[in-house]
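**Student:** Sharing entry_2.csv (CSV, C-alpha atoms) below.
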chain,number,residue,atom,x,y,z
A,1,LEU,CA,12.9,31.9,-8.7
A,2,LEU,CA,10.4,29.6,-7.1
A,3,THR,CA,7.7,32.3,-7.4
A,4,LEU,CA,8.6,32.6,-11.1
A,5,ALA,CA,8.5,28.8,-11.6
A,6,GLY,CA,5.0,28.8,-10.1
A,7,LEU,CA,3.8,31.5,-12.4
A,8,TYR,CA,5.2,29.7,-15.4
A,9,ASP,CA,3.4,26.5,-14.3
A,10,ARG,CA,0.1,28.3,-14.1
A,11,MET,CA,0.7,29.8,-17.5
A,12,GLY,CA,1.5,26.4,-19.0
A,13,GLU,CA,5.1,27.6,-19.9
A,14,TYR,CA,6.7,24.3,-18.8
A,15,GLY,CA,9.9,24.8,-20.7
A,16,LYS,CA,10.6,28.1,-18.9
A,17,GLU,CA,9.5,26.5,-15.6
A,18,LEU,CA,12.0,23.7,-16.1
A,19,ARG,CA,14.9,26.1,-16.7
A,20,VAL,CA,14.0,28.2,-13.6
A,21,LEU,CA,13.7,25.0,-11.5
A,22,THR,CA,17.1,23.8,-12.7
A,23,ARG,CA,18.7,27.1,-12.0
A,24,TYR,CA,17.2,27.3,-8.5
A,25,GLY,CA,18.3,23.7,-7.8
A,26,ARG,CA,21.9,24.5,-8.6
A,27,ILE,CA,21.9,27.7,-6.5
A,28,GLU,CA,20.4,26.1,-3.4
A,29,ASP,CA,21.8,22.6,-3.9
A,30,VAL,CA,18.3,21.1,-3.8
A,31,ALA,CA,18.2,19.5,-7.2
A,32,ASP,CA,17.0,16.2,-5.9
A,33,GLU,CA,14.1,17.7,-4.0
A,34,LEU,CA,12.9,19.3,-7.2
A,35,ARG,CA,13.1,16.1,-9.3
A,36,MET,CA,9.4,15.4,-9.3
A,37,GLN,CA,8.6,18.9,-10.5
A,38,ARG,CA,11.1,18.6,-13.3
A,39,VAL,CA,9.6,15.2,-14.3
A,40,ALA,CA,6.1,16.8,-14.4
A,41,CYS,CA,7.5,19.5,-16.7
A,42,TYR,CA,9.0,17.0,-19.1
A,43,LEU,CA,5.7,15.1,-19.1
A,44,GLU,CA,3.7,18.2,-19.9
A,45,LEU,CA,6.2,19.0,-22.7
A,46,GLY,CA,5.8,15.5,-24.1
A,47,GLU,CA,9.5,14.8,-23.6
A,48,LEU,CA,8.8,11.3,-22.2
A,49,ASP,CA,12.3,9.9,-22.5
A,50,SER,CA,13.7,12.9,-20.5
A,51,ALA,CA,10.9,12.4,-17.9
A,52,TYR,CA,11.9,8.7,-17.5
A,53,LEU,CA,15.6,9.5,-17.3
A,54,GLU,CA,15.0,12.3,-14.8
A,55,SER,CA,12.9,10.2,-12.5
A,56,ASP,CA,14.5,8.0,-9.8
A,57,ASP,CA,11.2,6.1,-9.3
A,58,PRO,CA,9.4,5.4,-12.6
A,59,ASP,CA,7.2,2.9,-10.8
A,60,ARG,CA,5.7,5.7,-8.7
A,61,ILE,CA,5.3,8.0,-11.7
A,62,LEU,CA,3.4,5.4,-13.5
A,63,GLU,CA,1.2,4.7,-10.5
A,64,ILE,CA,0.4,8.4,-10.1
A,65,LEU,CA,-0.4,8.9,-13.8
A,66,THR,CA,-2.6,5.8,-13.9
A,67,GLU,CA,-4.5,6.8,-10.8
A,68,SER,CA,-5.0,10.3,-12.2
A,69,ALA,CA,-6.4,8.9,-15.5
A,70,ASN,CA,-8.7,6.6,-13.6
A,71,ASP,CA,-10.0,9.4,-11.4
A,72,MET,CA,-10.6,11.5,-14.6
A,73,LEU,CA,-12.6,8.6,-16.1
A,74,GLY,CA,-14.9,8.7,-13.2
A,75,ARG,CA,-15.6,12.4,-13.5
A,76,ILE,CA,-16.3,12.9,-17.2
A,77,GLU,CA,-19.2,15.3,-17.7
A,78,THR,CA,-18.3,17.4,-20.7
A,79,ASP,CA,-16.6,16.9,-24.1
A,80,MET,CA,-13.7,18.9,-22.7
A,81,ASP,CA,-13.4,16.5,-19.7
A,82,ARG,CA,-13.4,13.6,-22.3
A,83,MET,CA,-10.6,15.2,-24.3
A,84,ARG,CA,-8.5,15.8,-21.2
A,85,CYS,CA,-9.1,12.3,-20.0
A,86,ARG,CA,-8.1,10.9,-23.4
A,87,SER,CA,-4.9,13.0,-23.3
A,88,MET,CA,-4.0,11.6,-19.9
A,89,ILE,CA,-4.7,8.0,-21.0
A,90,ASP,CA,-2.5,8.6,-24.0
A,91,MET,CA,0.3,9.9,-21.7
A,92,VAL,CA,0.1,6.8,-19.5
A,93,SER,CA,0.2,4.6,-22.5
A,94,ASP,CA,3.2,6.4,-24.1
A,95,PHE,CA,5.1,6.7,-20.9
A,96,SER,CA,4.6,3.0,-20.3
A,97,ASP,CA,6.1,2.3,-23.7
A,98,VAL,CA,9.2,4.4,-22.8
A,99,ALA,CA,9.6,2.7,-19.4
A,100,ILE,CA,9.4,-0.7,-21.1
A,101,LYS,CA,12.0,0.4,-23.6
A,102,TYR,CA,14.5,1.3,-20.9
A,103,ASN,CA,13.5,-1.4,-18.4
A,104,PRO,CA,11.5,-4.3,-19.8
A,105,GLY,CA,11.4,-5.9,-16.3
A,106,LEU,CA,9.5,-3.1,-14.8
A,107,MET,CA,6.1,-4.7,-13.8
A,108,GLN,CA,4.2,-1.4,-13.3
A,109,ALA,CA,5.0,-0.4,-16.9
A,110,TRP,CA,3.3,-3.6,-18.3
A,111,LYS,CA,0.4,-3.1,-15.8
A,112,SER,CA,-0.2,0.5,-16.7
A,113,LYS,CA,0.0,-0.3,-20.4
A,114,SER,CA,-2.5,-3.1,-20.3
A,115,THR,CA,-4.8,-0.9,-18.2
A,116,THR,CA,-4.8,1.8,-20.9
A,117,GLN,CA,-5.6,-0.8,-23.5
A,118,VAL,CA,-8.6,-1.9,-21.5
A,119,TRP,CA,-9.7,1.7,-21.4
A,120,TYR,CA,-9.3,1.9,-25.1
A,121,GLY,CA,-11.5,-1.2,-25.4
A,122,GLU,CA,-8.6,-3.3,-26.7
A,123,ARG,CA,-9.2,-6.5,-24.6
A,124,ASP,CA,-7.0,-8.8,-26.7
A,125,LYS,CA,-4.1,-6.4,-26.7
A,126,ALA,CA,-4.4,-6.0,-23.0
A,127,LEU,CA,-4.1,-9.7,-22.5
A,128,GLU,CA,-1.2,-9.9,-24.9
A,129,THR,CA,0.6,-7.1,-23.0
A,130,ILE,CA,0.3,-9.0,-19.8
A,131,ASP,CA,1.7,-12.1,-21.5
A,132,LYS,CA,4.6,-10.1,-22.7
A,133,GLY,CA,5.1,-8.7,-19.3
A,134,LEU,CA,5.1,-12.1,-17.7
A,135,ALA,CA,7.9,-13.1,-20.1
A,136,GLN,CA,10.0,-10.1,-19.1
A,137,VAL,CA,9.4,-9.5,-15.4
A,138,GLY,CA,11.8,-11.6,-13.4
A,139,ASP,CA,10.8,-11.2,-9.8
A,140,SER,CA,8.1,-13.4,-8.2
A,141,LEU,CA,6.0,-10.6,-6.8
A,142,GLY,CA,6.0,-8.8,-10.1
A,143,LYS,CA,4.7,-11.9,-11.9
A,144,ALA,CA,2.1,-12.4,-9.2
A,145,ALA,CA,0.9,-8.9,-9.7
A,146,LEU,CA,0.4,-9.4,-13.4
A,147,PHE,CA,-1.4,-12.7,-13.0
A,148,ASN,CA,-3.6,-11.0,-10.4
A,149,MET,CA,-4.4,-8.3,-12.9
A,150,ARG,CA,-5.2,-10.8,-15.6
A,151,ALA,CA,-7.5,-12.7,-13.2
A,152,GLU,CA,-9.5,-9.5,-12.6
A,153,PHE,CA,-9.7,-8.9,-16.3
A,154,HIS,CA,-11.0,-12.4,-16.9
A,155,HIS,CA,-13.6,-12.0,-14.1
A,156,LEU,CA,-14.7,-8.7,-15.6
A,157,TRP,CA,-15.2,-10.3,-19.0
A,158,GLY,CA,-16.8,-13.5,-17.6
A,159,ASN,CA,-14.0,-15.9,-18.3
A,160,GLN,CA,-14.3,-17.5,-14.9
A,161,THR,CA,-12.3,-20.7,-15.7
A,162,MET,CA,-9.3,-18.5,-16.6
A,163,VAL,CA,-9.8,-16.5,-13.4
A,164,TYR,CA,-9.1,-19.6,-11.2
A,165,GLU,CA,-6.1,-20.6,-13.3
A,166,ASP,CA,-4.6,-17.1,-12.9
A,167,TYR,CA,-5.2,-17.0,-9.2
A,168,ASP,CA,-3.5,-20.4,-8.8
A,169,SER,CA,-0.5,-18.8,-10.6
A,170,VAL,CA,-0.7,-15.8,-8.2
A,171,LEU,CA,-0.5,-18.0,-5.2
A,172,ALA,CA,2.3,-20.1,-6.7
A,173,TYR,CA,4.4,-17.0,-6.9
A,174,SER,CA,3.1,-15.2,-3.8
A,175,PRO,CA,1.6,-17.7,-1.4
A,176,LEU,CA,0.8,-15.1,1.2
A,177,ASP,CA,-1.2,-12.7,-1.1
A,178,VAL,CA,-4.3,-12.3,1.1
A,179,MET,CA,-6.1,-10.1,-1.3
A,180,ALA,CA,-5.8,-12.7,-4.1
A,181,MET,CA,-6.9,-15.4,-1.6
A,182,ASN,CA,-9.9,-13.3,-0.6
A,183,ASN,CA,-11.0,-12.7,-4.2
A,184,TYR,CA,-10.4,-16.3,-5.2
A,185,ALA,CA,-12.4,-17.6,-2.3
A,186,TYR,CA,-15.3,-15.1,-2.9
A,187,TYR,CA,-15.6,-16.0,-6.6
A,188,LEU,CA,-15.7,-19.7,-5.7
A,189,SER,CA,-18.5,-19.0,-3.2
A,190,LEU,CA,-20.5,-17.2,-5.8
A,191,GLU,CA,-20.4,-20.3,-8.0
A,192,ASP,CA,-21.0,-22.6,-5.0
A,193,ARG,CA,-17.8,-24.4,-6.0
A,194,ASP,CA,-15.0,-26.0,-4.0
A,195,LEU,CA,-16.3,-24.3,-0.8
A,196,ASN,CA,-14.0,-26.1,1.6
A,197,ARG,CA,-11.0,-24.8,-0.2
A,198,ALA,CA,-12.6,-21.3,-0.4
A,199,LEU,CA,-13.2,-21.4,3.4
A,200,GLU,CA,-9.6,-22.4,4.0
A,201,MET,CA,-8.2,-19.6,1.9
A,202,SER,CA,-10.7,-17.1,3.4
A,203,HIS,CA,-9.7,-18.1,7.0
A,204,LYS,CA,-6.1,-17.3,6.2
A,205,THR,CA,-7.1,-13.8,5.2
A,206,ILE,CA,-8.9,-13.1,8.5
A,207,GLU,CA,-6.0,-14.6,10.4
A,208,ALA,CA,-3.7,-12.1,8.6
A,209,ASP,CA,-6.1,-9.2,9.0
A,210,PRO,CA,-8.9,-9.9,11.5
A,211,LEU,CA,-10.4,-6.4,11.3
A,212,ASN,CA,-10.7,-6.3,7.5
A,213,ALA,CA,-14.4,-6.0,6.7
A,214,THR,CA,-14.0,-7.3,3.2
A,215,TYR,CA,-12.3,-10.5,4.4
A,216,LEU,CA,-14.8,-11.0,7.2
A,217,ASP,CA,-17.7,-10.6,4.7
A,218,THR,CA,-16.2,-13.2,2.4
A,219,TYR,CA,-15.7,-15.7,5.2
A,220,ALA,CA,-19.3,-15.1,6.3
A,221,TRP,CA,-20.6,-15.5,2.8
A,222,ILE,CA,-18.8,-18.9,2.3
A,223,LEU,CA,-20.3,-20.1,5.6
A,224,PHE,CA,-23.7,-18.9,4.3
A,225,ALA,CA,-23.1,-20.9,1.1
A,226,GLN,CA,-22.4,-24.0,3.3
A,227,GLU,CA,-25.7,-23.3,5.2
A,228,ARG,CA,-23.7,-22.7,8.4
A,229,TYR,CA,-25.9,-19.7,9.2
A,230,VAL,CA,-25.2,-19.3,13.0
A,231,GLU,CA,-21.4,-19.2,12.3
A,232,ALA,CA,-22.0,-16.8,9.4
A,233,LEU,CA,-23.9,-14.4,11.6
A,234,GLU,CA,-20.9,-13.9,13.9
A,235,TYR,CA,-18.6,-12.9,11.1
A,236,ILE,CA,-21.0,-10.8,9.1
A,237,ASP,CA,-21.9,-8.7,12.2
A,238,ARG,CA,-18.1,-8.2,12.8
A,239,ALA,CA,-17.8,-7.2,9.1
A,240,VAL,CA,-20.4,-4.5,9.6
A,241,GLN,CA,-18.7,-3.2,12.8
A,242,CYS,CA,-15.3,-3.1,11.0
A,243,MET,CA,-16.4,-1.2,7.9
A,244,ASP,CA,-14.5,2.0,7.3
A,245,GLU,CA,-17.1,3.0,4.7
A,246,PRO,CA,-20.6,1.5,4.4
A,247,SER,CA,-20.9,-1.2,1.7
A,248,ALA,CA,-24.1,-2.1,-0.1
A,249,ASP,CA,-22.8,-5.7,-0.7
A,250,VAL,CA,-21.9,-6.2,2.9
A,251,MET,CA,-25.3,-4.8,4.1
A,252,GLU,CA,-27.2,-7.1,1.7
A,253,HIS,CA,-25.2,-10.1,2.9
A,254,CYS,CA,-25.9,-9.1,6.4
A,255,GLY,CA,-29.6,-9.0,5.7
A,256,ASP,CA,-29.5,-12.4,4.0
A,257,ILE,CA,-27.7,-14.0,6.9
A,258,HIS,CA,-29.9,-12.4,9.5
A,259,TYR,CA,-33.0,-13.7,7.6
A,260,MET,CA,-31.6,-17.2,7.6
A,261,ASN,CA,-31.2,-16.9,11.4
A,262,GLY,CA,-34.8,-16.0,11.8
A,263,ASP,CA,-34.4,-12.2,12.2
A,264,VAL,CA,-36.7,-11.0,9.6
A,265,GLU,CA,-37.0,-7.4,11.0
A,266,GLY,CA,-33.2,-7.1,11.1
A,267,ALA,CA,-32.9,-8.5,7.6
A,268,VAL,CA,-35.3,-6.0,6.1
A,269,HIS,CA,-33.4,-3.2,7.9
A,270,TYR,CA,-30.1,-4.2,6.4
A,271,TRP,CA,-31.7,-4.7,2.9
A,272,HIS,CA,-33.0,-1.1,3.2
A,273,GLU,CA,-29.5,0.0,4.2
A,274,ALA,CA,-28.1,-1.7,1.0
A,275,VAL,CA,-30.7,0.2,-1.2
A,276,GLU,CA,-29.7,3.5,0.4
A,277,LEU,CA,-26.1,2.7,-0.5
A,278,HIS,CA,-27.2,2.3,-4.2
A,279,SER,CA,-27.1,-1.5,-4.3
A,280,GLU,CA,-26.9,-2.9,-7.8
A,281,SER,CA,-28.4,-6.2,-6.7
A,282,VAL,CA,-31.1,-7.6,-9.0
A,283,THR,CA,-32.9,-9.3,-6.0
A,284,ILE,CA,-32.8,-6.6,-3.3
A,285,GLU,CA,-36.2,-5.0,-4.1
A,286,GLN,CA,-37.9,-8.4,-4.1
A,287,LYS,CA,-36.3,-9.2,-0.8
A,288,ILE,CA,-37.8,-6.1,0.7
A,289,LEU,CA,-41.2,-6.5,-0.9
A,290,GLN,CA,-41.5,-10.2,0.0
A,291,GLN,CA,-39.6,-9.8,3.3
A,292,LYS,CA,-37.7,-12.9,2.6
A,293,TYR,CA,-34.4,-14.1,1.1
A,294,VAL,CA,-34.6,-14.5,-2.7
A,295,GLU,CA,-31.9,-16.2,-4.7
A,296,GLU,CA,-30.7,-14.6,-7.9
A,297,ASP,CA,-31.0,-17.9,-9.8
A,298,LYS,CA,-34.6,-18.2,-8.7
A,299,MET,CA,-35.3,-14.6,-10.0
A,300,VAL,CA,-33.9,-15.5,-13.4
A,301,GLU,CA,-36.0,-18.7,-13.5
A,302,ASP,CA,-39.2,-16.8,-12.6
A,303,GLU,CA,-38.5,-14.2,-15.3
A,304,LEU,CA,-38.0,-16.9,-17.9
A,305,VAL,CA,-41.3,-18.5,-16.9
A,306,GLU,CA,-43.1,-15.2,-17.2
Reformat the file's structure so that it appears as structure tokens.

**Tutor:**
Amino acid sequence: LLTLAGLYDRMGEYGKELRVLTRYGRIEDVADELRMQRVACYLELGELDSAYLESDDPDRILEILTESANDMLGRIETDMDRMRCRSMIDMVSDFSDVAIKYNPGLMQAWKSKSTTQVWYGERDKALETIDKGLAQVGDSLGKAALFNMRAEFHHLWGNQTMVYEDYDSVLAYSPLDVMAMNNYAYYLSLEDRDLNRALEMSHKTIEADPLNATYLDTYAWILFAQERYVEALEYIDRAVQCMDEPSADVMEHCGDIHYMNGDVEGAVHYWHEAVELHSESVTIEQKILQQKYVEEDKMVEDELVE
């Protein structure tokens, strides 16, 4: 029966696969262990209500579907890829609607729905969906997650004032959310704004996770913005040592901080490393050519003068 179910799956005969799985589950008393496979069959058949009712963890189903769609978005090469990706996004959107119908307080459903709307290019609808979710989701962590998502949307779209308001809301509902604190602190540092508060939040993140390269990089960069270059050097070198995967941004920051500490050779080395990691920095090439730190604002001013 299991072999037959596998064959039906490869043939796309999901209705027949479902019947075989149900029969096998009864015979061997393993119906619960086959639940996810039955949910997958219902999803493929477009029977989304049945998929939801069959699932004992719709949160996880939504996470898996959303991650799969996101992966497909990053690997589109042909028209067929584009069609398959669109079909997956549609499934995420529709299954989110079903989940909201049965459980309006399910945070992941609102999160996945708004994500698909961003992928569709429907920014206003995505924000409206998060607002509706905030009105329905009752638990503090769920509300914090939605505010966090809205903050990232606003950052992506350049609405920086709203970013800070949303992060304030995140921390009101989830005061120990270190990822939100890190992002909040880093965005403040990029605008050279409220740096003492940014440093305080960032310090809490490295107290919570002292080997996290991202948090160490943020702390170093805030110290850099405060012109505390010697202290910044200690933390950026630790960030480089703690990286699981090389990061162009961390390497560029490392170069900037080494330069401000008088290590020009080291700075150029790290800037080259950032380029090899496909840095998208608008100043990195000038830093290497001039062998000195170049501010982005200064680059823009020079271009305007030219």

**Student:** For the point (-27.8, -6.4, 6.8) in file coordinates, what residues are within 10 Å, counting only C-alpha atoms? Give the answer as a PDB file with C-alpha atoms, keeping the file's coordinate frame?

**Tutor:**
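Result went into out_39.pdb, see below:
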ATOM      1  CA  ILE A 236     -21.000 -10.800   9.100  1.00  0.00           C
ATOM      2  CA  ASP A 237     -21.900  -8.700  12.200  1.00  0.00           C
ATOM      3  CA  VAL A 240     -20.400  -4.500   9.600  1.00  0.00           C
ATOM      4  CA  ALA A 248     -24.100  -2.100  -0.100  1.00  0.00           C
ATOM      5  CA  ASP A 249     -22.800  -5.700  -0.700  1.00  0.00           C
ATOM      6  CA  VAL A 250     -21.900  -6.200   2.900  1.00  0.00           C
ATOM      7  CA  MET A 251     -25.300  -4.800   4.100  1.00  0.00           C
ATOM      8  CA  GLU A 252     -27.200  -7.100   1.700  1.00  0.00           C
ATOM      9  CA  HIS A 253     -25.200 -10.100   2.900  1.00  0.00           C
ATOM     10  CA  CYS A 254     -25.900  -9.100   6.400  1.00  0.00           C
ATOM     11  CA  GLY A 255     -29.600  -9.000   5.700  1.00  0.00           C
ATOM     12  CA  ASP A 256     -29.500 -12.400   4.000  1.00  0.00           C
ATOM     13  CA  ILE A 257     -27.700 -14.000   6.900  1.00  0.00           C
ATOM     14  CA  HIS A 258     -29.900 -12.400   9.500  1.00  0.00           C
ATOM     15  CA  TYR A 259     -33.000 -13.700   7.600  1.00  0.00           C
ATOM     16  CA  GLY A 266     -33.200  -7.100  11.100  1.00  0.00           C
ATOM     17  CA  ALA A 267     -32.900  -8.500   7.600  1.00  0.00           C
ATOM     18  CA  VAL A 268     -35.300  -6.000   6.100  1.00  0.00           C
ATOM     19  CA  HIS A 269     -33.400  -3.200   7.900  1.00  0.00           C
ATOM     20  CA  TYR A 270     -30.100  -4.200   6.400  1.00  0.00           C
ATOM     21  CA  TRP A 271     -31.700  -4.700   2.900  1.00  0.00           C
ATOM     22  CA  HIS A 272     -33.000  -1.100   3.200  1.00  0.00           C
ATOM     23  CA  GLU A 273     -29.500   0.000   4.200  1.00  0.00           C
ATOM     24  CA  ALA A 274     -28.100  -1.700   1.000  1.00  0.00           C
TER      25      ALA A 274
END

**Student:** In Å, with one decimal, what is the gap from atom CA of A:Leu1 to atom CA of A:Cys41?

**Tutor:**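 We find that atom CA of A:Leu1 and atom CA of A:Cys41 lie 15.7 Å from each other.
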
**Student:** I want to know what sits within 9 Å of stretch 79-88 of chain A, based on all atoms listed in the file, with residues of the same chain fewer than 6 positions away left out; could you give that as a list of chain:residue names?

**Tutor:** A:Leu65, A:Thr66, A:Ser68, A:Ala69, A:Asn70, A:Met72, A:Leu73

**Student:** Neighbouring residues of A:Leu171 were defined as those with any atom within 10 Å, considering all atoms listed in the file; residues of the same chain fewer than 6 positions away were excluded. Please report them as JSON, numbers by chain.

**Tutor:** {"A": [141, 144, 147, 148, 177, 178, 180, 181]}

**Student:** Tell me which protein, DNA and RNA residues are within 9 Å of A:Tyr184, counting only C-alpha atoms, leaving out same-chain ones fewer than 6 positions away, and put them as a list in words.

**Tutor:**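 Here the qualifying residues turn out to be Val163, Tyr164, Tyr167, Asp168, Ala198, Met201 and Ser202 of chain A.
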
**Student:** In Å, rounded to a single decimal, give me how far atom CA of A:Arg35 is from atom CA of A:Ser93.

**Tutor:**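 Spanning atom CA of A:Ser93 to atom CA of A:Arg35 is a straight-line distance of 21.7 Å.
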
**Student:** Show which residues sit within 8 Å of A:Tyr229, as a tab-separated table (two decimals) with C-alpha atoms, keeping the file's coordinate frame. Count all atoms listed in the file, and ignore same-chain residues fewer than 5 positions away.

**Tutor:**
chain	number	residue	atom	x	y	z
A	223	LEU	CA	-20.30	-20.10	5.60
A	224	PHE	CA	-23.70	-18.90	4.30
A	257	ILE	CA	-27.70	-14.00	6.90
A	260	MET	CA	-31.60	-17.20	7.60
A	261	ASN	CA	-31.20	-16.90	11.40

**Student:** By how many Å are atom CA of A:Ile130 and atom CA of A:Ser112 apart?

**Tutor:**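 Between atom CA of A:Ile130 and atom CA of A:Ser112 the gap is 10.0 Å.
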
**Student:** Considering only C-alpha atoms, return as a PDB file with C-alpha atoms, keeping the file's coordinate frame whatever protein or nucleic-acid residues lie within 10 Å of A:Ser50, sequence-local ones (same chain, fewer than 6 positions apart) excluded.

**Tutor:**
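Dumped to around-v3.pdb:
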ATOM      1  CA  ARG A  38      11.100  18.600 -13.300  1.00  0.00           C
ATOM      2  CA  VAL A  39       9.600  15.200 -14.300  1.00  0.00           C
ATOM      3  CA  CYS A  41       7.500  19.500 -16.700  1.00  0.00           C
ATOM      4  CA  TYR A  42       9.000  17.000 -19.100  1.00  0.00           C
ATOM      5  CA  LEU A  43       5.700  15.100 -19.100  1.00  0.00           C
ATOM      6  CA  VAL A  98       9.200   4.400 -22.800  1.00  0.00           C
TER       7      VAL A  98
END

**Student:** Which centre and which edge lengths, in Å to one decimal, describe the axis-aligned box that holds all listed atoms of stretch 185-198 of chain A after 6 Å is added on each side, as AutoDock Vina command-line options?

**Tutor:**
--center_x -16.0 --center_y -20.6 --center_z -3.2 --size_x 22.0 --size_y 23.0 --size_z 21.6
